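Trainee: Pasting final.cif below, which is mmCIF, C-alpha atoms.
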```
data_target
#
loop_
_atom_site.group_PDB
_atom_site.id
_atom_site.type_symbol
_atom_site.label_atom_id
_atom_site.label_comp_id
_atom_site.auth_asym_id
_atom_site.auth_seq_id
_atom_site.Cartn_x
_atom_site.Cartn_y
_atom_site.Cartn_z
ATOM 1 C CA MET T 28 -156.087 -39.988 25.475
ATOM 2 C CA LYS T 29 -156.833 -40.899 21.881
ATOM 3 C CA LEU T 30 -159.404 -38.664 20.218
ATOM 4 C CA PRO T 31 -162.229 -40.092 18.068
ATOM 5 C CA PRO T 32 -161.450 -40.040 14.319
ATOM 6 C CA ALA T 33 -164.068 -37.340 13.682
ATOM 7 C CA LEU T 34 -162.347 -34.941 16.111
ATOM 8 C CA ARG T 35 -158.948 -35.432 14.470
ATOM 9 C CA ARG T 36 -160.129 -33.992 11.157
ATOM 10 C CA PRO T 37 -158.984 -30.460 10.192
ATOM 11 C CA ALA T 38 -162.615 -29.325 9.980
ATOM 12 C CA ALA T 39 -163.187 -30.366 13.601
ATOM 13 C CA VAL T 40 -160.063 -28.587 14.807
ATOM 14 C CA ILE T 41 -160.964 -25.370 12.961
ATOM 15 C CA GLY T 42 -164.585 -25.507 14.131
ATOM 16 C CA LEU T 43 -163.613 -26.056 17.775
ATOM 17 C CA LEU T 44 -161.023 -23.270 17.664
ATOM 18 C CA LEU T 45 -163.574 -20.838 16.224
ATOM 19 C CA LEU T 46 -166.107 -21.908 18.852
ATOM 20 C CA ALA T 47 -163.527 -21.411 21.617
ATOM 21 C CA LEU T 48 -162.751 -17.944 20.219
ATOM 22 C CA GLN T 49 -166.425 -16.959 20.378
ATOM 23 C CA ILE T 50 -166.795 -18.307 23.909
ATOM 24 C CA VAL T 51 -163.809 -16.232 25.014
ATOM 25 C CA MET T 52 -165.349 -13.150 23.415
ATOM 26 C CA ILE T 53 -168.669 -13.794 25.179
ATOM 27 C CA VAL T 54 -167.205 -14.455 28.624
ATOM 28 C CA PHE T 55 -164.438 -11.849 28.645
ATOM 29 C CA ALA T 56 -166.095 -9.101 26.582
ATOM 30 C CA PRO T 57 -165.730 -6.439 29.341
ATOM 31 C CA VAL T 58 -162.017 -7.265 29.634
ATOM 32 C CA ILE T 59 -161.256 -7.446 25.905
ATOM 33 C CA SER T 60 -163.242 -4.388 24.813
ATOM 34 C CA PRO T 61 -161.329 -1.119 25.285
ATOM 35 C CA TYR T 62 -164.464 1.053 25.000
ATOM 36 C CA SER T 63 -168.159 0.898 25.787
ATOM 37 C CA PRO T 64 -170.150 -0.610 22.906
ATOM 38 C CA VAL T 65 -173.010 1.897 23.219
ATOM 39 C CA GLU T 66 -171.367 5.218 24.091
ATOM 40 C CA ALA T 67 -171.094 7.607 21.141
ATOM 41 C CA ASP T 68 -168.327 10.144 20.609
ATOM 42 C CA ALA T 69 -169.064 12.639 17.838
ATOM 43 C CA ILE T 70 -165.455 13.864 17.816
ATOM 44 C CA ALA T 71 -164.166 10.354 16.920
ATOM 45 C CA SER T 72 -166.685 9.797 14.114
ATOM 46 C CA LEU T 73 -165.586 7.550 11.210
ATOM 47 C CA GLN T 74 -161.973 7.176 12.248
ATOM 48 C CA PRO T 75 -160.098 4.450 10.299
ATOM 49 C CA PRO T 76 -158.435 1.504 12.074
ATOM 50 C CA SER T 77 -155.569 2.677 14.272
ATOM 51 C CA ALA T 78 -153.783 1.905 17.515
ATOM 52 C CA ALA T 79 -156.503 3.749 19.420
ATOM 53 C CA HIS T 80 -159.392 2.069 17.594
ATOM 54 C CA TRP T 81 -158.332 -1.298 16.153
ATOM 55 C CA PHE T 82 -161.387 -1.642 13.894
ATOM 56 C CA GLY T 83 -162.040 2.097 13.548
ATOM 57 C CA THR T 84 -165.224 3.894 14.584
ATOM 58 C CA ASP T 85 -168.680 4.241 13.051
ATOM 59 C CA ILE T 86 -170.585 7.406 12.152
ATOM 60 C CA THR T 87 -171.613 7.999 15.776
ATOM 61 C CA GLY T 88 -168.038 7.564 17.031
ATOM 62 C CA MET T 89 -168.644 4.191 18.707
ATOM 63 C CA ASP T 90 -165.691 1.781 18.668
ATOM 64 C CA VAL T 91 -166.298 -0.953 16.075
ATOM 65 C CA PHE T 92 -164.014 -3.472 17.785
ATOM 66 C CA SER T 93 -165.878 -3.198 21.093
ATOM 67 C CA ARG T 94 -169.231 -3.481 19.328
ATOM 68 C CA VAL T 95 -168.137 -6.576 17.386
ATOM 69 C CA ILE T 96 -167.035 -8.234 20.635
ATOM 70 C CA TYR T 97 -170.267 -7.454 22.483
ATOM 71 C CA ALA T 98 -172.387 -8.340 19.442
ATOM 72 C CA THR T 99 -171.136 -11.920 19.781
ATOM 73 C CA ARG T 100 -173.210 -12.156 22.952
ATOM 74 C CA ILE T 101 -176.335 -10.824 21.276
ATOM 75 C CA ASN T 102 -176.158 -12.884 18.087
ATOM 76 C CA LEU T 103 -175.256 -16.165 19.759
ATOM 77 C CA LEU T 104 -177.788 -15.602 22.552
ATOM 78 C CA ILE T 105 -180.610 -15.140 20.048
ATOM 79 C CA SER T 106 -179.448 -18.050 17.889
ATOM 80 C CA VAL T 107 -178.814 -20.581 20.657
ATOM 81 C CA VAL T 108 -182.008 -19.734 22.574
ATOM 82 C CA SER T 109 -184.181 -19.913 19.460
ATOM 83 C CA VAL T 110 -182.743 -23.268 18.359
ATOM 84 C CA ALA T 111 -182.953 -24.675 21.898
ATOM 85 C CA VAL T 112 -186.645 -23.747 22.134
ATOM 86 C CA ALA T 113 -187.316 -25.150 18.663
ATOM 87 C CA PHE T 114 -185.550 -28.396 19.611
ATOM 88 C CA ALA T 115 -187.382 -28.693 22.940
ATOM 89 C CA VAL T 116 -190.781 -28.189 21.258
ATOM 90 C CA GLY T 117 -190.209 -29.771 17.854
ATOM 91 C CA VAL T 118 -188.689 -33.072 18.997
ATOM 92 C CA PRO T 119 -191.548 -34.178 21.330
ATOM 93 C CA LEU T 120 -194.094 -32.880 18.835
ATOM 94 C CA GLY T 121 -192.515 -34.830 15.983
ATOM 95 C CA LEU T 122 -192.396 -37.921 18.191
ATOM 96 C CA LEU T 123 -196.108 -37.692 18.972
ATOM 97 C CA ILE T 124 -197.352 -36.997 15.453
ATOM 98 C CA GLY T 125 -195.106 -39.728 14.090
ATOM 99 C CA PHE T 126 -196.261 -42.353 16.580
ATOM 100 C CA TYR T 127 -199.965 -41.438 16.699
ATOM 101 C CA ARG T 128 -201.084 -41.098 13.109
ATOM 102 C CA GLY T 129 -204.518 -39.556 12.784
ATOM 103 C CA ALA T 130 -206.446 -36.324 12.377
ATOM 104 C CA ALA T 131 -204.303 -34.434 14.909
ATOM 105 C CA SER T 132 -201.134 -35.547 13.152
ATOM 106 C CA SER T 133 -202.483 -34.474 9.764
ATOM 107 C CA LEU T 134 -203.560 -31.111 11.178
ATOM 108 C CA ALA T 135 -200.082 -30.518 12.634
ATOM 109 C CA MET T 136 -198.468 -31.372 9.296
ATOM 110 C CA ARG T 137 -200.738 -28.950 7.458
ATOM 111 C CA LEU T 138 -199.775 -26.229 9.951
ATOM 112 C CA PHE T 139 -196.113 -26.951 9.260
ATOM 113 C CA ASP T 140 -196.818 -26.807 5.532
ATOM 114 C CA PHE T 141 -198.448 -23.397 6.012
ATOM 115 C CA ILE T 142 -195.456 -22.039 7.962
ATOM 116 C CA GLN T 143 -192.902 -23.391 5.515
ATOM 117 C CA ALA T 144 -194.869 -22.248 2.455
ATOM 118 C CA PHE T 145 -193.680 -18.691 3.132
ATOM 119 C CA PRO T 146 -190.069 -17.661 2.491
ATOM 120 C CA ILE T 147 -188.467 -17.974 5.906
ATOM 121 C CA PHE T 148 -186.992 -14.473 5.826
ATOM 122 C CA VAL T 149 -190.261 -12.814 4.778
ATOM 123 C CA LEU T 150 -192.258 -14.642 7.450
ATOM 124 C CA GLY T 151 -189.657 -13.774 10.084
ATOM 125 C CA MET T 152 -189.816 -10.125 9.090
ATOM 126 C CA ALA T 153 -193.618 -10.094 9.347
ATOM 127 C CA LEU T 154 -193.663 -11.807 12.758
ATOM 128 C CA VAL T 155 -191.033 -9.458 14.202
ATOM 129 C CA ALA T 156 -193.049 -6.480 12.938
ATOM 130 C CA VAL T 157 -196.106 -7.812 14.786
ATOM 131 C CA MET T 158 -194.344 -8.802 18.029
ATOM 132 C CA GLY T 159 -191.884 -5.914 18.287
ATOM 133 C CA GLN T 160 -188.178 -5.396 17.674
ATOM 134 C CA GLU T 161 -186.821 -6.760 20.928
ATOM 135 C CA ILE T 162 -184.097 -9.360 21.439
ATOM 136 C CA TRP T 163 -186.401 -11.961 22.982
ATOM 137 C CA ASN T 164 -189.077 -11.383 20.354
ATOM 138 C CA VAL T 165 -186.545 -12.104 17.612
ATOM 139 C CA ALA T 166 -185.555 -15.317 19.414
ATOM 140 C CA ILE T 167 -189.206 -16.404 19.706
ATOM 141 C CA VAL T 168 -189.830 -15.707 16.021
ATOM 142 C CA LEU T 169 -186.819 -17.770 14.978
ATOM 143 C CA ALA T 170 -187.944 -20.596 17.264
ATOM 144 C CA ILE T 171 -191.350 -20.621 15.541
ATOM 145 C CA LEU T 172 -189.635 -20.836 12.162
ATOM 146 C CA PHE T 173 -187.379 -23.744 13.231
ATOM 147 C CA ILE T 174 -189.954 -25.887 15.076
ATOM 148 C CA PRO T 175 -191.327 -27.455 11.845
ATOM 149 C CA ILE T 176 -187.807 -28.463 10.790
ATOM 150 C CA PHE T 177 -187.157 -30.483 13.953
ATOM 151 C CA ALA T 178 -190.691 -31.881 14.095
ATOM 152 C CA ARG T 179 -190.499 -33.130 10.508
ATOM 153 C CA LEU T 180 -187.090 -34.735 11.064
ATOM 154 C CA ILE T 181 -188.224 -36.642 14.148
ATOM 155 C CA ARG T 182 -191.538 -37.621 12.554
ATOM 156 C CA ALA T 183 -189.794 -39.075 9.506
ATOM 157 C CA GLU T 184 -187.444 -41.104 11.699
ATOM 158 C CA VAL T 185 -190.278 -42.340 13.935
ATOM 159 C CA LEU T 186 -192.376 -43.415 10.945
ATOM 160 C CA SER T 187 -189.509 -45.591 9.732
ATOM 161 C CA LEU T 188 -188.692 -46.975 13.182
ATOM 162 C CA ARG T 189 -192.182 -47.758 14.486
ATOM 163 C CA GLU T 190 -192.522 -50.759 12.158
ATOM 164 C CA ARG T 191 -189.186 -52.320 13.140
ATOM 165 C CA PRO T 192 -189.083 -55.725 14.864
ATOM 166 C CA PHE T 193 -187.731 -54.305 18.136
ATOM 167 C CA VAL T 194 -190.879 -52.152 18.499
ATOM 168 C CA ALA T 195 -193.094 -55.194 17.902
ATOM 169 C CA ALA T 196 -191.062 -57.128 20.473
ATOM 170 C CA ALA T 197 -191.539 -54.326 22.998
ATOM 171 C CA ARG T 198 -195.288 -54.400 22.408
ATOM 172 C CA CYS T 199 -195.386 -58.156 22.902
ATOM 173 C CA SER T 200 -193.544 -57.786 26.196
ATOM 174 C CA GLY T 201 -196.269 -55.446 27.451
ATOM 175 C CA ALA T 202 -194.489 -52.089 27.051
ATOM 176 C CA THR T 203 -196.715 -49.008 27.076
ATOM 177 C CA ASP T 204 -196.780 -46.449 24.285
ATOM 178 C CA ARG T 205 -194.882 -44.002 26.466
ATOM 179 C CA HIS T 206 -192.184 -46.563 27.170
ATOM 180 C CA ILE T 207 -191.842 -47.408 23.477
ATOM 181 C CA MET T 208 -191.664 -43.774 22.425
ATOM 182 C CA PHE T 209 -189.130 -42.547 24.963
ATOM 183 C CA ARG T 210 -187.040 -45.681 25.523
ATOM 184 C CA HIS T 211 -186.947 -47.205 22.039
ATOM 185 C CA LEU T 212 -187.952 -44.695 19.363
ATOM 186 C CA LEU T 213 -186.611 -41.349 20.590
ATOM 187 C CA PRO T 214 -182.983 -42.430 21.242
ATOM 188 C CA ASN T 215 -182.795 -43.929 17.745
ATOM 189 C CA ALA T 216 -184.432 -40.908 16.081
ATOM 190 C CA LEU T 217 -182.360 -38.134 17.681
ATOM 191 C CA MET T 218 -179.247 -38.347 15.492
ATOM 192 C CA PRO T 219 -180.460 -36.201 12.559
ATOM 193 C CA ALA T 220 -181.990 -33.680 14.972
ATOM 194 C CA MET T 221 -178.682 -33.332 16.826
ATOM 195 C CA VAL T 222 -176.894 -32.592 13.573
ATOM 196 C CA GLN T 223 -179.630 -30.112 12.611
ATOM 197 C CA VAL T 224 -179.017 -28.173 15.852
ATOM 198 C CA SER T 225 -175.586 -27.027 14.700
ATOM 199 C CA ILE T 226 -176.823 -26.211 11.188
ATOM 200 C CA SER T 227 -179.822 -24.302 12.563
ATOM 201 C CA ILE T 228 -177.650 -22.147 14.832
ATOM 202 C CA GLY T 229 -175.740 -20.985 11.761
ATOM 203 C CA MET T 230 -179.027 -20.302 9.966
ATOM 204 C CA ALA T 231 -180.305 -18.375 12.995
ATOM 205 C CA ILE T 232 -177.184 -16.185 13.006
ATOM 206 C CA LEU T 233 -177.761 -15.318 9.339
ATOM 207 C CA LEU T 234 -181.469 -14.641 9.885
ATOM 208 C CA THR T 235 -180.800 -12.464 12.935
ATOM 209 C CA ALA T 236 -178.223 -10.436 11.040
ATOM 210 C CA GLY T 237 -180.455 -10.221 7.973
ATOM 211 C CA LEU T 238 -183.454 -8.973 9.928
ATOM 212 C CA SER T 239 -181.348 -6.344 11.675
ATOM 213 C CA PHE T 240 -179.752 -5.325 8.374
ATOM 214 C CA ILE T 241 -183.106 -4.321 6.886
ATOM 215 C CA GLY T 242 -184.260 -2.666 10.113
ATOM 216 C CA ALA T 243 -186.649 -5.426 11.199
ATOM 217 C CA GLY T 244 -184.529 -6.913 13.984
ATOM 218 C CA VAL T 245 -182.494 -5.506 16.842
ATOM 219 C CA ARG T 246 -182.457 -1.701 17.058
ATOM 220 C CA MET T 247 -179.692 0.816 17.763
ATOM 221 C CA PRO T 248 -177.661 1.238 19.868
ATOM 222 C CA THR T 249 -177.643 -2.482 20.674
ATOM 223 C CA PRO T 250 -174.461 -4.038 19.235
ATOM 224 C CA GLU T 251 -175.498 -6.575 16.601
ATOM 225 C CA TRP T 252 -173.540 -7.706 13.547
ATOM 226 C CA GLY T 253 -176.248 -7.218 10.917
ATOM 227 C CA LEU T 254 -177.170 -3.812 12.281
ATOM 228 C CA MET T 255 -173.511 -2.780 12.183
ATOM 229 C CA VAL T 256 -173.172 -3.908 8.560
ATOM 230 C CA SER T 257 -176.288 -1.898 7.677
ATOM 231 C CA THR T 258 -174.934 1.192 9.423
ATOM 232 C CA GLY T 259 -171.640 0.992 7.576
ATOM 233 C CA ALA T 260 -173.165 0.183 4.189
ATOM 234 C CA GLN T 261 -174.331 3.767 3.842
ATOM 235 C CA GLN T 262 -170.739 5.039 3.991
ATOM 236 C CA MET T 263 -169.026 2.357 1.900
ATOM 237 C CA ILE T 264 -169.464 4.409 -1.288
ATOM 238 C CA LEU T 265 -167.370 7.112 0.429
ATOM 239 C CA GLY T 266 -164.538 4.663 1.126
ATOM 240 C CA VAL T 267 -165.476 3.962 4.747
ATOM 241 C CA TRP T 268 -165.068 0.177 4.513
ATOM 242 C CA TRP T 269 -164.173 -0.792 8.075
ATOM 243 C CA VAL T 270 -167.593 -0.218 9.647
ATOM 244 C CA SER T 271 -169.174 -3.031 7.590
ATOM 245 C CA LEU T 272 -166.157 -5.262 6.958
ATOM 246 C CA PHE T 273 -165.365 -6.415 10.482
ATOM 247 C CA PRO T 274 -168.916 -7.310 11.613
ATOM 248 C CA GLY T 275 -169.368 -9.019 8.234
ATOM 249 C CA LEU T 276 -166.272 -11.128 8.895
ATOM 250 C CA ALA T 277 -167.640 -11.949 12.357
ATOM 251 C CA ILE T 278 -170.810 -13.325 10.734
ATOM 252 C CA VAL T 279 -168.707 -15.423 8.356
ATOM 253 C CA VAL T 280 -166.630 -16.854 11.213
ATOM 254 C CA ALA T 281 -169.670 -17.710 13.340
ATOM 255 C CA VAL T 282 -171.609 -19.402 10.536
ATOM 256 C CA LEU T 283 -168.501 -21.282 9.333
ATOM 257 C CA CYS T 284 -167.865 -22.508 12.878
ATOM 258 C CA PHE T 285 -171.275 -24.140 13.277
ATOM 259 C CA ALA T 286 -171.296 -25.462 9.701
ATOM 260 C CA LEU T 287 -167.993 -27.264 10.325
ATOM 261 C CA LEU T 288 -169.164 -28.593 13.689
ATOM 262 C CA GLY T 289 -172.405 -29.846 12.143
ATOM 263 C CA ASP T 290 -170.465 -31.731 9.487
ATOM 264 C CA VAL T 291 -168.181 -33.274 12.099
ATOM 265 C CA LEU T 292 -171.108 -34.194 14.346
ATOM 266 C CA ARG T 293 -172.872 -35.878 11.426
ATOM 267 C CA ASP T 294 -169.826 -38.022 10.692
ATOM 268 C CA ALA T 295 -169.350 -38.856 14.372
ATOM 269 C CA LEU T 296 -172.953 -39.971 14.925
ATOM 270 C CA ASP T 297 -173.478 -41.802 11.625
ATOM 271 C CA PRO T 298 -171.866 -45.280 11.767
ATOM 272 C CA THR T 299 -172.114 -45.667 7.995
ATOM 273 C CA ARG T 300 -169.584 -42.832 7.595
ATOM 274 C CA GLN T 301 -166.929 -44.429 9.762
ATOM 275 C CA ARG T 302 -163.622 -45.214 8.129
ATOM 276 C CA ALA T 303 -163.645 -48.480 6.185
ATOM 277 C CA PRO T 304 -161.272 -51.245 7.357
ATOM 278 C CA ALA T 305 -157.898 -51.474 5.697
ATOM 279 C CA ARG T 306 -157.737 -53.575 2.562
ATOM 280 C CA VAL T 307 -156.093 -56.965 2.997
ATOM 281 C CA THR T 308 -153.307 -57.670 0.501
ATOM 282 C CA ARG T 309 -153.153 -61.180 -0.892
ATOM 283 C CA GLN T 310 -149.890 -63.037 -0.383
ATOM 284 C CA PRO T 311 -148.239 -65.064 -3.153
ATOM 285 C CA THR T 312 -148.871 -68.802 -2.977
ATOM 286 C CA ASP T 313 -146.490 -71.711 -3.421
ATOM 287 C CA SER T 314 -147.764 -72.288 -6.956
ATOM 288 C CA GLY T 315 -146.162 -69.034 -8.086
ATOM 289 C CA GLU T 316 -149.385 -66.984 -8.223
ATOM 290 C CA THR T 317 -148.786 -63.281 -7.887
ATOM 291 C CA PRO T 318 -151.082 -61.131 -5.713
#
```
Can the structure in the file be given as structure tokens, please?
Mentor:
Amino acid sequence: MKLPPALRRPAAVIGLLLLALQIVMIVFAPVISPYSPVEADAIASLQPPSAAHWFGTDITGMDVFSRVIYATRINLLISVVSVAVAFAVGVPLGLLIGFYRGAASSLAMRLFDFIQAFPIFVLGMALVAVMGQEIWNVAIVLAILFIPIFARLIRAEVLSLRERPFVAAARCSGATDRHIMFRHLLPNALMPAMVQVSISIGMAILLTAGLSFIGAGVRMPTPEWGLMVSTGAQQMILGVWWVSLFPGLAIVVAVLCFALLGDVLRDALDPTRQRAPARVTRQPTDSGETP
């Protein structure tokens, strides 16, 4: 079976391999991890990488490798759930405020302006402090931060599509507003939102790790990449580099994976980015003209 051109690019191959690696870590974490991710062992505190502990141990004696594996579940769960909720709420909302322009639409846009006027990290930190440092609360906070992004994308697409001739033709044929929105406008407006999903998951991973790093996200002993980096940062000046290095690399791999997949998805869904046809070479004529 011949793959689409977008999936034959090196970026697509790397992104899919990294995604497959994370899925394996999520599904088979109990099999891969040699130790419990939350059981401390004071005797094994701050041991460097070895055959017994591949990534070493942290200050409490917990195995860093096992915690990195299990943290994949936590970070991707928070990121995927938050983006899925933001997509499910933001897309219909953007469709409505783009199709029905009026006071309600203007009010919704001003609310989005208010949310996005704050630095996203600062607002996330404040909301988590109010709601509590639980996994699901972090996911809800991130969803609130991402809803305006999806709503604005869909609204912008709907505003440009609602004046197209095919919408006028649908109106003339007697189509209802609901039929026009969900059968004509939404399918044509979804492409940028689909690309934004992959980009937003990478952003959510960074925000989750950042909130935990400063103590405003997931709490100990839950395995989470940002929390692990924060724990190890206190010992880096003493030469204990492994506690922060490996969860930091895990963050890099996860964000790179979804950035590459977002780029590939954009190229696959955008017809204007398809490969141009091969150039036709002129053949010499009988009059002696050279190409």
Trainee: Find the residues near Pro76 of chain T: any atom within 12 Å, counting only C-alpha atoms, skip ones fewer than 4 places away on the same chain, and give them as a ChimeraX atom specification.
Mentor: /T:71-72,80-85,90-92,267-270,272-273
Trainee: If you take all atoms listed in the file and a cut-off of 9 Å, which residues of segment 79-186 of chain T touch segment 204-215 of chain T, and what are their nearest atom pairs and distances in Å to one decimal, in chain and number order, as CSV?
Mentor:
```
residue,atom,partner,partner_atom,distance
T:Val118,CA,T:Leu213,CA,8.7
T:Pro119,CA,T:Leu213,CA,8.7
T:Leu122,CA,T:Leu213,CA,7.1
T:Leu123,CA,T:Met208,CA,8.3
T:Phe126,CA,T:Met208,CA,7.6
T:Ile181,CA,T:Leu213,CA,8.1
T:Glu184,CA,T:Asn215,CA,8.1
T:Val185,CA,T:Leu212,CA,6.4
```
Trainee: Just give me the gap between atom CA of Cys284 of chain T and atom CA of Gly229 of chain T in Å, one decimal is fine.
Mentor: 8.1 Å
Trainee: Is it possible to get the residues within 10 Å of (-167.5, -22.2, 7.3) (coordinates as in the file, counting only C-alpha atoms) written as a PyMOL selection string?
Mentor: chain T and resi 38+41-42+45+229+279-288
Trainee: Considering only C-alpha atoms, can you say which of T:Thr258, T:Ser271, T:Asn164, T:Ser200 comes closest to Gly151 of chain T?
Mentor: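 Counting only C-alpha atoms, the residue closest to Gly151 of chain T is T:Asn164.
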Trainee: Going by the chain IDs and residue numbers used in this file, which residues fall under the PyMOL selection byres ((chain T and resi 246-253) around 7)? Write them as number ranges by chain.
Mentor: T: 64-65, 94-95, 97-98, 101-102, 160, 236-237, 239-240, 244-245, 254-257, 274-275, 278
Trainee: Taking the file as shown, what set of residues would the PyMOL selection byres ((chain T and resi 60) around 9) give back, as a PyMOL selection string?
Mentor: chain T and resi 55-59+61-64+92-94+96-97
Trainee: Just want the 8 Å neighbourhood of Ile86 of chain T, counted on all atoms listed in the file, with same-chain residues fewer than 4 positions away dropped. Output as a PyMOL selection string.
Mentor: chain T and resi 69+72-73+259
Trainee: Expand the PyMOL selection byres ((chain T and resi 170) around 10) into the individual residues it matches in the shown file, reporting them as an NGL selection string.
Mentor: :T and (105-117 or 164-169 or 171-175 or 231)
Trainee: For a test of reading the model, state the distance in Å between atom CA of Val194 of chain T and atom CA of Arg179 of chain T, rounded to one decimal.
Mentor: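 Pair atom CA of Val194 of chain T / atom CA of Arg179 of chain T returns 20.6 Å.
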